[in-house]
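Structure file work-v7.pdb; described as PDB, C-alpha atoms.
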ATOM      1  CA  MET K  94       6.078  12.652 -24.026
ATOM      2  CA  PRO K  95       8.475  14.378 -26.393
ATOM      3  CA  ASP K  96       8.327  17.942 -25.140
ATOM      4  CA  LEU K  97       9.337  17.418 -21.539
ATOM      5  CA  LEU K  98      12.390  19.124 -20.145
ATOM      6  CA  LEU K  99      15.709  17.418 -19.580
ATOM      7  CA  VAL K 100      15.041  16.128 -16.087
ATOM      8  CA  SER K 101      11.556  15.004 -15.222
ATOM      9  CA  VAL K 102       9.717  12.007 -13.862
ATOM     10  CA  PRO K 103       7.497  10.629 -16.619
ATOM     11  CA  LEU K 104       4.216   9.036 -15.597
ATOM     12  CA  GLN K 105       5.458   5.689 -16.899
ATOM     13  CA  HIS K 106       8.245   5.547 -14.313
ATOM     14  CA  VAL K 107       5.784   6.014 -11.449
ATOM     15  CA  LEU K 108       3.500   3.365 -12.949
ATOM     16  CA  VAL K 109       6.437   0.958 -13.315
ATOM     17  CA  LEU K 110       7.373   1.617  -9.679
ATOM     18  CA  GLY K 111       3.805   0.723  -8.705
ATOM     19  CA  GLY K 112       3.998  -2.372 -10.891
ATOM     20  CA  ILE K 113       7.266  -3.503  -9.305
ATOM     21  CA  LEU K 114       5.843  -3.061  -5.803
ATOM     22  CA  PHE K 115       2.669  -4.907  -6.836
ATOM     23  CA  ALA K 116       4.663  -7.802  -8.306
ATOM     24  CA  ILE K 117       6.819  -8.101  -5.175
ATOM     25  CA  GLY K 118       3.674  -8.033  -3.030
ATOM     26  CA  LEU K 119       2.035 -10.688  -5.205
ATOM     27  CA  PHE K 120       5.123 -12.889  -4.935
ATOM     28  CA  VAL K 121       5.232 -12.478  -1.138
ATOM     29  CA  ALA K 122       1.487 -13.159  -0.790
ATOM     30  CA  LEU K 123       1.620 -16.280  -2.973
ATOM     31  CA  SER K 124       4.854 -17.817  -1.746
ATOM     32  CA  LYS K 125       5.035 -17.311   2.012
ATOM     33  CA  ARG K 126       4.361 -20.146   4.412
ATOM     34  CA  ASN K 127       3.425 -17.876   7.304
ATOM     35  CA  ALA K 128      -0.010 -16.244   7.460
ATOM     36  CA  ILE K 129       1.507 -12.958   8.655
ATOM     37  CA  GLY K 130       3.935 -13.049   5.723
ATOM     38  CA  ILE K 131       0.994 -13.390   3.345
ATOM     39  CA  LEU K 132      -0.640 -10.373   4.982
ATOM     40  CA  MET K 133       2.555  -8.374   4.431
ATOM     41  CA  GLY K 134       2.351  -9.181   0.734
ATOM     42  CA  ILE K 135      -1.250  -7.976   0.600
ATOM     43  CA  GLU K 136      -0.302  -4.699   2.291
ATOM     44  CA  LEU K 137       2.490  -4.223  -0.258
ATOM     45  CA  MET K 138       0.020  -4.718  -3.103
ATOM     46  CA  LEU K 139      -2.395  -2.175  -1.596
ATOM     47  CA  ASN K 140       0.458   0.333  -1.322
ATOM     48  CA  ALA K 141       1.368  -0.243  -4.955
ATOM     49  CA  VAL K 142      -2.224   0.451  -6.000
ATOM     50  CA  ASN K 143      -2.166   3.670  -3.964
ATOM     51  CA  VAL K 144       1.023   4.806  -5.712
ATOM     52  CA  THR K 145      -0.720   4.254  -9.043
ATOM     53  CA  LEU K 146      -3.869   6.129  -7.938
ATOM     54  CA  LEU K 147      -1.846   9.113  -6.779
ATOM     55  CA  ALA K 148       0.245   9.073  -9.944
ATOM     56  CA  PHE K 149      -2.880   9.312 -12.107
ATOM     57  CA  SER K 150      -4.278  11.993  -9.798
ATOM     58  CA  ARG K 151      -1.082  14.019 -10.294
ATOM     59  CA  TYR K 152      -0.515  13.557 -14.024
ATOM     60  CA  VAL K 153      -3.704  12.873 -15.950
ATOM     61  CA  VAL K 154      -6.298  15.362 -17.199
ATOM     62  CA  SER K 155      -9.393  15.269 -14.997
ATOM     63  CA  PRO K 156     -12.178  17.655 -13.984
ATOM     64  CA  ARG K 157     -11.570  16.791 -10.325
ATOM     65  CA  PRO K 158      -7.959  15.634 -10.004
ATOM     66  CA  LEU K 159      -8.068  15.297  -6.217
ATOM     67  CA  ASP K 160     -10.473  12.353  -6.445
ATOM     68  CA  GLY K 161      -7.492  10.017  -6.812
ATOM     69  CA  GLN K 162      -6.282  11.128  -3.388
ATOM     70  CA  VAL K 163      -9.767  10.573  -1.944
ATOM     71  CA  PHE K 164      -9.697   7.017  -3.302
ATOM     72  CA  ALA K 165      -6.235   6.502  -1.821
ATOM     73  CA  VAL K 166      -7.491   7.527   1.630
ATOM     74  CA  PHE K 167     -10.388   5.050   1.292
ATOM     75  CA  VAL K 168      -7.951   2.301   0.274
ATOM     76  CA  ILE K 169      -5.830   3.059   3.346
ATOM     77  CA  THR K 170      -8.945   2.908   5.562
ATOM     78  CA  VAL K 171     -10.044  -0.449   4.194
ATOM     79  CA  ALA K 172      -6.480  -1.772   4.408
ATOM     80  CA  ALA K 173      -6.290  -0.815   8.073
ATOM     81  CA  ALA K 174      -9.576  -2.610   8.806
ATOM     82  CA  GLU K 175      -8.391  -5.629   6.838
ATOM     83  CA  ALA K 176      -5.053  -5.737   8.678
ATOM     84  CA  ALA K 177      -6.766  -5.602  12.082
ATOM     85  CA  VAL K 178      -9.185  -8.431  11.251
ATOM     86  CA  ALA K 179      -6.582 -10.578   9.493
ATOM     87  CA  LEU K 180      -4.070 -10.314  12.327
ATOM     88  CA  ALA K 181      -6.831 -11.102  14.853
ATOM     89  CA  LEU K 182      -7.646 -14.157  12.715
ATOM     90  CA  ALA K 183      -3.982 -15.203  12.704
ATOM     91  CA  VAL K 184      -3.798 -14.920  16.489
ATOM     92  CA  ALA K 185      -7.123 -16.783  16.918
ATOM     93  CA  VAL K 186      -6.001 -19.570  14.568
ATOM     94  CA  TYR K 187      -2.732 -19.844  16.463
ATOM     95  CA  LYS K 188      -4.612 -20.204  19.761
ATOM     96  CA  HIS K 189      -6.734 -23.058  18.409
ATOM     97  CA  ARG K 190      -4.269 -24.829  16.101
ATOM     98  CA  GLU K 191      -0.866 -23.914  17.583
ATOM     99  CA  THR K 192       0.387 -22.849  14.163
ATOM    100  CA  VAL K 193       0.209 -19.997  11.666
ATOM    101  CA  ASN K 194       1.700 -22.130   8.895
ATOM    102  CA  ILE K 195      -0.936 -22.076   6.164
ATOM    103  CA  ASP K 196       0.137 -25.554   4.977
ATOM    104  CA  GLU K 197      -1.116 -26.965   8.282
ATOM    105  CA  ILE K 198      -4.355 -24.952   8.413
ATOM    106  CA  ASP K 199      -6.294 -27.369   6.230
ATOM    107  CA  MET K 200      -9.533 -28.035   8.129
ATOM    108  CA  LEU K 201     -11.483 -27.427   4.935
ATOM    109  CA  ARG K 202      -9.462 -29.922   2.913
ATOM    110  CA  TRP K 203     -11.617 -32.770   1.700
TER     111      TRP K 203
ATOM    112  CA  MET I 256      -5.372  31.860   0.087
ATOM    113  CA  ARG I 257      -8.237  29.678  -0.805
ATOM    114  CA  PRO I 258      -7.631  25.905  -0.910
ATOM    115  CA  ALA I 259      -8.119  25.249  -4.588
ATOM    116  CA  ALA I 260     -10.565  22.569  -5.613
ATOM    117  CA  GLY I 261      -8.305  21.892  -8.558
ATOM    118  CA  PRO I 262      -4.573  22.229  -9.102
ATOM    119  CA  ALA I 263      -2.767  25.478  -9.646
ATOM    120  CA  HIS I 264      -2.019  26.025 -13.296
ATOM    121  CA  HIS I 265       1.300  27.429 -14.307
ATOM    122  CA  ASP I 266       2.238  29.153 -17.500
ATOM    123  CA  GLY I 267       2.897  26.023 -19.471
ATOM    124  CA  GLU I 268       6.676  25.982 -19.411
ATOM    125  CA  GLN I 269       6.466  23.976 -16.216
ATOM    126  CA  SER I 270       5.472  20.443 -17.025
ATOM    127  CA  LEU I 271       4.538  18.165 -14.164
ATOM    128  CA  ILE I 272       7.384  16.851 -12.035
ATOM    129  CA  ASP I 273      10.569  18.441 -13.364
ATOM    130  CA  ASP I 274      12.187  20.165 -10.427
ATOM    131  CA  THR I 275      15.672  18.654 -10.231
ATOM    132  CA  GLY I 276      15.606  18.074  -6.493
ATOM    133  CA  ILE I 277      12.220  16.381  -6.634
ATOM    134  CA  VAL I 278      13.290  14.207  -9.564
ATOM    135  CA  VAL I 279      16.398  13.061  -7.686
ATOM    136  CA  ALA I 280      14.271  12.494  -4.558
ATOM    137  CA  PHE I 281      11.829  10.384  -6.566
ATOM    138  CA  TYR I 282      14.477   8.033  -7.931
ATOM    139  CA  ILE I 283      16.245   7.691  -4.571
ATOM    140  CA  LEU I 284      12.940   6.980  -2.814
ATOM    141  CA  ALA I 285      11.881   4.556  -5.542
ATOM    142  CA  ALA I 286      15.151   2.627  -5.280
ATOM    143  CA  THR I 287      14.933   2.525  -1.472
ATOM    144  CA  THR I 288      11.332   1.373  -1.554
ATOM    145  CA  VAL I 289      11.957  -1.381  -4.080
ATOM    146  CA  VAL I 290      15.052  -2.630  -2.231
ATOM    147  CA  CYS I 291      13.140  -2.714   1.080
ATOM    148  CA  ALA I 292      10.215  -4.520  -0.559
ATOM    149  CA  LEU I 293      12.652  -7.089  -1.985
ATOM    150  CA  MET I 294      14.123  -7.529   1.497
ATOM    151  CA  VAL I 295      10.591  -8.273   2.771
ATOM    152  CA  ALA I 296      10.472 -11.097   0.251
ATOM    153  CA  PHE I 297      13.953 -12.507   0.842
ATOM    154  CA  VAL I 298      14.954 -11.841   4.446
ATOM    155  CA  ARG I 299      14.776 -14.994   6.548
ATOM    156  CA  GLU I 300      13.423 -13.766   9.892
ATOM    157  CA  LEU I 301       9.764 -12.711   9.992
ATOM    158  CA  ILE I 302      10.421  -9.883  12.454
ATOM    159  CA  GLN I 303      13.065  -8.419  10.128
ATOM    160  CA  ALA I 304      10.579  -8.674   7.283
ATOM    161  CA  VAL I 305       8.099  -6.602   9.326
ATOM    162  CA  LEU I 306      10.753  -3.945   9.951
ATOM    163  CA  PHE I 307      11.671  -3.790   6.258
ATOM    164  CA  LEU I 308       7.952  -3.539   5.486
ATOM    165  CA  ALA I 309       7.720  -0.495   7.792
ATOM    166  CA  LEU I 310      10.679   1.030   5.903
ATOM    167  CA  THR I 311       8.870   0.328   2.627
ATOM    168  CA  PHE I 312       5.803   2.147   3.961
ATOM    169  CA  VAL I 313       7.937   5.190   4.838
ATOM    170  CA  GLY I 314       9.479   5.136   1.366
ATOM    171  CA  VAL I 315       6.034   4.975  -0.225
ATOM    172  CA  ALA I 316       5.017   7.963   1.923
ATOM    173  CA  GLY I 317       7.962   9.826   0.390
ATOM    174  CA  ILE I 318       6.743   8.878  -3.080
ATOM    175  CA  TYR I 319       3.332  10.309  -2.129
ATOM    176  CA  ILE I 320       4.985  13.615  -1.221
ATOM    177  CA  VAL I 321       6.757  13.672  -4.592
ATOM    178  CA  LEU I 322       3.339  13.147  -6.188
ATOM    179  CA  SER I 323       2.186  16.196  -4.143
ATOM    180  CA  ALA I 324      -0.214  14.247  -1.938
ATOM    181  CA  ASP I 325       0.833  15.658   1.409
ATOM    182  CA  PHE I 326      -2.257  14.609   3.387
ATOM    183  CA  VAL I 327      -2.175  11.051   2.070
ATOM    184  CA  ALA I 328       1.538  10.876   2.920
ATOM    185  CA  VAL I 329       0.846  11.888   6.531
ATOM    186  CA  VAL I 330      -1.992   9.355   6.733
ATOM    187  CA  GLN I 331       0.350   6.718   5.296
ATOM    188  CA  VAL I 332       2.980   7.381   7.972
ATOM    189  CA  LEU I 333       0.355   7.401  10.748
ATOM    190  CA  ILE I 334      -1.609   4.326   9.710
ATOM    191  CA  TYR I 335       0.865   2.132   7.853
ATOM    192  CA  ALA I 336       4.261   2.950   9.337
ATOM    193  CA  GLY I 337       2.615   3.508  12.717
ATOM    194  CA  ALA I 338      -0.401   1.336  13.329
ATOM    195  CA  VAL I 339      -0.116  -1.508  10.812
ATOM    196  CA  ALA I 340       3.607  -2.050  11.439
ATOM    197  CA  VAL I 341       3.060  -2.148  15.213
ATOM    198  CA  LEU I 342       0.052  -4.473  14.751
ATOM    199  CA  MET I 343       2.179  -6.835  12.656
ATOM    200  CA  THR I 344       5.015  -6.736  15.183
ATOM    201  CA  PHE I 345       2.468  -7.696  17.853
ATOM    202  CA  ALA I 346       1.097 -10.536  15.737
ATOM    203  CA  VAL I 347       4.614 -11.870  15.119
ATOM    204  CA  MET I 348       5.415 -11.636  18.823
ATOM    205  CA  LEU I 349       2.199 -13.482  19.729
ATOM    206  CA  THR I 350       3.212 -16.469  17.618
ATOM    207  CA  PRO I 351       5.931 -18.827  18.868
ATOM    208  CA  ALA I 352       9.576 -18.275  17.982
ATOM    209  CA  ALA I 353       9.610 -21.507  15.975
ATOM    210  CA  ASP I 354       6.993 -20.097  13.600
ATOM    211  CA  ARG I 355       8.863 -16.859  12.972
ATOM    212  CA  ARG I 356      10.733 -18.032   9.903
ATOM    213  CA  ASN I 357       9.912 -16.220   6.677
ATOM    214  CA  SER I 358      10.141 -19.330   4.511
ATOM    215  CA  GLU I 359       8.487 -20.100   1.198
ATOM    216  CA  THR I 360       6.093 -22.823   0.204
ATOM    217  CA  PRO I 361       7.123 -25.168  -2.626
ATOM    218  CA  PHE I 362       4.997 -23.017  -4.926
ATOM    219  CA  TRP I 363       7.427 -20.077  -4.901
ATOM    220  CA  GLY I 364       8.548 -20.889  -8.449
ATOM    221  CA  PRO I 365       5.106 -20.522 -10.053
ATOM    222  CA  ALA I 366       4.483 -17.495  -7.810
ATOM    223  CA  LEU I 367       7.682 -15.893  -9.144
ATOM    224  CA  ILE I 368       6.665 -16.605 -12.736
ATOM    225  CA  LEU I 369       3.148 -15.237 -12.176
ATOM    226  CA  SER I 370       4.355 -12.017 -10.547
ATOM    227  CA  GLY I 371       6.928 -11.585 -13.323
ATOM    228  CA  LEU I 372       4.147 -11.912 -15.895
ATOM    229  CA  VAL I 373       1.966  -9.397 -14.023
ATOM    230  CA  LEU I 374       4.896  -6.958 -13.913
ATOM    231  CA  ALA I 375       5.495  -7.452 -17.645
ATOM    232  CA  VAL I 376       1.837  -6.739 -18.423
ATOM    233  CA  ILE I 377       1.837  -3.594 -16.246
ATOM    234  CA  VAL I 378       5.035  -2.269 -17.848
ATOM    235  CA  PHE I 379       3.687  -3.006 -21.319
ATOM    236  CA  VAL I 380       0.384  -1.245 -20.633
ATOM    237  CA  ALA I 381       2.122   1.730 -18.993
ATOM    238  CA  TYR I 382       4.300   2.307 -22.062
ATOM    239  CA  ASP I 383       1.801   1.286 -24.735
ATOM    240  CA  THR I 384      -1.103   3.475 -23.618
ATOM    241  CA  THR I 385      -1.378   7.113 -24.688
ATOM    242  CA  TRP I 386      -2.087   8.893 -21.405
ATOM    243  CA  HIS I 387      -3.900  12.214 -21.470
ATOM    244  CA  LEU I 388      -1.395  14.183 -19.449
ATOM    245  CA  ASP I 389      -2.202  17.547 -17.930
ATOM    246  CA  LYS I 390       1.013  19.239 -19.030
ATOM    247  CA  GLY I 391       0.385  22.640 -17.496
ATOM    248  CA  ARG I 392      -0.385  21.381 -14.015
ATOM    249  CA  GLY I 393       1.863  22.375 -11.163
ATOM    250  CA  ALA I 394       1.984  20.723  -7.769
ATOM    251  CA  PHE I 395      -1.262  20.725  -5.814
ATOM    252  CA  PRO I 396      -1.439  23.326  -3.086
ATOM    253  CA  ALA I 397      -1.953  21.913   0.433
ATOM    254  CA  THR I 398      -4.552  19.202  -0.095
ATOM    255  CA  ALA I 399      -5.971  18.625   3.392
ATOM    256  CA  ALA I 400      -8.710  21.260   3.194
ATOM    257  CA  SER I 401      -9.925  20.294  -0.274
ATOM    258  CA  LEU I 402      -9.800  16.595   0.647
ATOM    259  CA  GLY I 403     -11.944  17.300   3.695
ATOM    260  CA  GLU I 404     -14.395  19.134   1.500
ATOM    261  CA  ALA I 405     -14.486  16.199  -0.938
ATOM    262  CA  PHE I 406     -15.153  13.762   1.932
ATOM    263  CA  LEU I 407     -18.061  15.785   3.275
ATOM    264  CA  LYS I 408     -19.636  16.766  -0.047
ATOM    265  CA  PRO I 409     -19.513  14.314  -2.991
ATOM    266  CA  TYR I 410     -18.092  11.366  -1.000
ATOM    267  CA  VAL I 411     -20.095  11.671   2.203
ATOM    268  CA  VAL I 412     -21.862   8.292   1.793
ATOM    269  CA  PRO I 413     -18.651   6.283   1.223
ATOM    270  CA  PHE I 414     -17.131   8.254   4.111
ATOM    271  CA  GLU I 415     -19.915   7.124   6.473
ATOM    272  CA  VAL I 416     -19.760   3.567   5.148
ATOM    273  CA  ALA I 417     -16.022   3.591   5.851
ATOM    274  CA  SER I 418     -16.655   4.515   9.469
ATOM    275  CA  VAL I 419     -19.191   1.689   9.791
ATOM    276  CA  LEU I 420     -16.612  -0.657   8.242
ATOM    277  CA  LEU I 421     -13.942   0.461  10.706
ATOM    278  CA  MET I 422     -16.284  -0.113  13.648
ATOM    279  CA  THR I 423     -17.258  -3.544  12.324
ATOM    280  CA  ALA I 424     -13.588  -4.435  11.919
ATOM    281  CA  MET I 425     -12.817  -3.261  15.443
ATOM    282  CA  ILE I 426     -15.663  -5.300  16.968
ATOM    283  CA  GLY I 427     -14.700  -8.263  14.790
ATOM    284  CA  ALA I 428     -11.081  -8.141  15.908
ATOM    285  CA  ILE I 429     -12.127  -8.009  19.567
ATOM    286  CA  VAL I 430     -14.582 -10.905  19.156
ATOM    287  CA  LEU I 431     -12.022 -13.017  17.285
ATOM    288  CA  THR I 432      -9.289 -12.654  19.891
ATOM    289  CA  LYS I 433     -11.553 -12.826  22.964
ATOM    290  CA  GLU I 434     -11.062 -15.797  25.278
ATOM    291  CA  ASP I 435     -14.082 -18.085  25.259
ATOM    292  CA  GLU I 436     -15.479 -18.661  28.748
ATOM    293  CA  GLY I 437     -15.818 -22.352  27.956
ATOM    294  CA  ASP I 438     -12.166 -22.620  26.933
ATOM    295  CA  ALA I 439     -10.823 -21.037  30.075
ATOM    296  CA  ASP I 440     -10.784 -24.219  32.136
ATOM    297  CA  ALA I 441     -10.213 -26.625  29.254
TER     298      ALA I 441
END

In structure tokens, what does this structure look like?
Amino acid sequence: MPDLLLVSVPLQHVLVLGGILFAIGLFVALSKRNAIGILMGIELMLNAVNVTLLAFSRYVVSPRPLDGQVFAVFVITVAAAEAAVALALAVAVYKHRETVNIDEIDMLRW
Amino acid sequence: MRPAAGPAHHDGEQSLIDDTGIVVAFYILAATTVVCALMVAFVRELIQAVLFLALTFVGVAGIYIVLSADFVAVVQVLIYAGAVAVLMTFAVMLTPAADRRNSETPFWGPALILSGLVLAVIVFVAYDTTWHLDKGRGAFPATAASLGEAFLKPYVVPFEVASVLLMTAMIGAIVLTKEDEGDADA
């Protein structure tokens, strides 16, 4: 983008911010021992995707630029439903197994 | 003033986000958000991780405002910083204190490598692609009205499906956490 003014936020910086948040979320989701910690990583990744959607909605040529924001609202809706069910699962698993440590939740292990 | 279906177009000398205050706000918010997200990964107490996650959500809401998505920012504060953070605090409090450590599995090394690779790919793609930027676009005017119109016109079917999904999730959460009658005396 050669013809931008002196101070501006290029699209790439917003995308890199989304990428950093996504990578941190991926690391948290893959490395945590606690089921709630894993859920936090997933929420971080969903937020990173929303940042990217809104960045494209703001910057990129499109006949209907607000569609990115519509998608972001849908992502937030699904994330809320997912968080409610996943946390209910964590609580239910804790009631039956006395742990939320995913290393010990191995009923399906052969 | 009619809520525009599209963005307001300026005379061309204004190119996307270049107001000095907004640029400074973006970088401050981005730094805050990334630091808080890193604290989620590295802080040792799970409850502190939840609080840093709530701070991350607020920072991301600020980023949304910089990207001129005011309605989505409000929804983010309401649902993420409000509901999801409180839900997670509840879930942490419902598990025993001994399980509230925010420790890693032995696989944190490969996880770190994998997320580093994903970040590298994203950065490469972001800088290598030629994006078709809308140079003359100013900030969106208030988006709530046009978003509502989009939800009830072109996106009405996904909108209804989302409400069915939310109800299913609500019933599912209640069923999952309900005490079984058989377990009560066990």

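Coordinates place atom CA of Val332 of chain I at a distance of 22.0 Å from atom CA of Ala181 of chain K.
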
Using only C-alpha atoms and a cut-off of 6 Å, which residues of chain K sit close to chain I? Please list them as an MDAnalysis selection string.
chainID K and resid 100:102 105 109 112 116 119:121 123:126 152:154 174 178 181 185

Reference answer for the PyMOL selection byres ((chain K and resi 195) around 10), as a short mmCIF file (atom, residue, chain, number, x, y, z; two decimals) with C-alpha atoms, in the coordinates of the input:
data_model
loop_
_atom_site.label_atom_id
_atom_site.label_comp_id
_atom_site.auth_asym_id
_atom_site.auth_seq_id
_atom_site.Cartn_x
_atom_site.Cartn_y
_atom_site.Cartn_z
CA LYS K 125 5.04 -17.31 2.01
CA ARG K 126 4.36 -20.15 4.41
CA ASN K 127 3.42 -17.88 7.30
CA ALA K 128 -0.01 -16.24 7.46
CA ILE K 129 1.51 -12.96 8.65
CA ILE K 131 0.99 -13.39 3.34
CA ALA K 183 -3.98 -15.20 12.70
CA THR K 192 0.39 -22.85 14.16
CA VAL K 193 0.21 -20.00 11.67
CA ASN K 194 1.70 -22.13 8.90
CA ASP K 196 0.14 -25.55 4.98
CA GLU K 197 -1.12 -26.96 8.28
CA ILE K 198 -4.36 -24.95 8.41
CA ASP K 199 -6.29 -27.37 6.23
CA THR I 360 6.09 -22.82 0.20
#

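Straight-line separation from atom CA of Leu310 of chain I to atom CA of Val142 of chain K: 17.6 Å.
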
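Atom pair atom CA of Gln162 of chain K / atom CA of Ser150 of chain K: separated by 6.8 Å.
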
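Distance check against Leu180 of chain K using all atoms listed in the file: of I:Val412, I:Ala399, I:Ala280, I:Val341, the minimum falls on I:Val341.
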
Give the padded box for segment 192-200 of chain K as lines of an AutoDock Vina configuration file: axis-aligned, covering all atoms listed in the file, 8 Å on each side, centre and edge lengths in Å to one decimal.
center_x = -3.9
center_y = -24.0
center_z = 9.6
size_x = 27.2
size_y = 24.0
size_z = 25.2

Pull C-alpha atoms for segment 288-335 of chain I from the block and write them as a compact mmCIF listing (two decimals), in the first residue's frame.
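Result saved to out_24.txt:
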# COMPACT_ATOMS: atom_id res chain seq x y z
CA THR I 288 -4.87 -7.53 24.07
CA VAL I 289 -1.82 -9.56 23.12
CA VAL I 290 -0.23 -9.12 26.57
CA CYS I 291 -3.47 -10.21 28.29
CA ALA I 292 -3.80 -13.21 25.96
CA LEU I 293 -0.20 -14.19 26.78
CA MET I 294 -1.04 -13.89 30.48
CA VAL I 295 -3.94 -16.32 29.90
CA ALA I 296 -1.38 -18.79 28.60
CA PHE I 297 1.28 -18.28 31.27
CA VAL I 298 -0.41 -17.26 34.51
CA ARG I 299 -0.47 -20.12 37.01
CA GLU I 300 -3.88 -19.79 38.67
CA LEU I 301 -6.92 -20.71 36.57
CA ILE I 302 -9.08 -17.97 38.11
CA GLN I 303 -6.48 -15.34 37.18
CA ALA I 304 -6.43 -16.76 33.66
CA VAL I 305 -10.22 -16.24 33.45
CA LEU I 306 -9.83 -12.62 34.58
CA PHE I 307 -7.09 -11.96 32.02
CA LEU I 308 -9.33 -13.59 29.41
CA ALA I 309 -12.10 -11.11 30.30
CA LEU I 310 -9.57 -8.28 29.87
CA THR I 311 -8.61 -9.73 26.48
CA PHE I 312 -12.28 -9.71 25.47
CA VAL I 313 -12.57 -6.03 26.42
CA GLY I 314 -9.43 -5.24 24.42
CA VAL I 315 -10.83 -7.08 21.40
CA ALA I 316 -14.04 -5.04 21.77
CA GLY I 317 -11.86 -1.92 21.53
CA ILE I 318 -10.28 -3.29 18.36
CA TYR I 319 -13.80 -3.78 16.97
CA ILE I 320 -14.55 -0.10 17.62
CA VAL I 321 -11.36 0.89 15.79
CA LEU I 322 -12.58 -1.25 12.89
CA SER I 323 -15.85 0.78 13.09
CA ALA I 324 -18.01 -2.14 14.18
CA ASP I 325 -19.83 -0.45 17.04
CA PHE I 326 -22.71 -2.94 17.34
CA VAL I 327 -20.40 -5.96 17.32
CA ALA I 328 -18.25 -4.27 19.97
CA VAL I 329 -21.27 -3.80 22.25
CA VAL I 330 -22.31 -7.42 21.66
CA GLN I 331 -18.75 -8.51 22.45
CA VAL I 332 -18.76 -6.66 25.78
CA LEU I 333 -22.23 -8.00 26.67
CA ILE I 334 -21.72 -11.63 25.69
CA TYR I 335 -18.00 -12.26 26.07
